[in-house]
Amino acid sequence: MSSFARRMLNQVKSKEFRQYLMSTHFWGPVANWGIPIAAMADMKKSPEIISPRMTAALCVYSGLFMRFAWMVTPRNLLLFACHFTNESCQIIQFGRWCHYDYFSDKEKIEDKEEK
């Protein structure tokens with residue numbers, strides 16, 4: 001176990017790792033994680049506040065950037081994971097909105113939320 005820990009420590013101390021931490025290849029995805037985190041937080045809120053246009057736009061945005069993250073050299077797996085998570089959250093949000101807008105009895109839901 002100590003050899004594994006020593007190898008990991010040496011990897012973290014390496015010049016390449018420090019350069020990675022100071023690159024846009026790292027900080028871009030880190031900054032982008034705010035979008036899927038906000039989408040996860042919104043899953044607890046009422047579906048009536050979901051904007052279908054914005055949700056669809058975020059689905060397209062994340063789909064495009066997932067492809068970009070996969071095709072760029074070297075592959076940016078951190079960016080890919082961020083946009084994969086966001087795509088999943090936005091699809092769930094869009095499904096919640098569709099269910100609320102087309103298939104549910106809105107009056108019952110609104111009465112339930114008021115109580």
# chains A, B, ... in the order shown; residues from 1 in each chain; ligands from 1
>>> residues_around(residues="region 52-59 of chain A", least_positions_apart="4", cutoff="8 Å", atoms="only C-alpha atoms", output="list in words")
Gly63, Asn86, Glu87, Gln90, Ile91, Gln93, Phe94 and Trp97 of chain A
>>> residues_around(residues="Asn32 (chain A)", least_positions_apart="5", cutoff="12 Å", atoms="only C-alpha atoms", output="MDAnalysis selection string")
chainID A and resid 24:27 37:38 61:62 65 78:86
>>> closest_residue(among="A:Pro74, A:Trp33, A:Met8, A:Pro47", to="Tyr20 (chain A)", atoms="only C-alpha atoms")
A:Pro74
>>> select_by_dssp(residues="chain A", states="helix (DSSP H, G or I)", output="ChimeraX atom specification")
/A:2-13,15-21,24-32,34-42,47-49,52-71,77-103,106-114
>>> atom_distance(atom1="CA of Gly34 (chain A)", atom2="CA of Tyr102 (chain A)")
29.6 Å
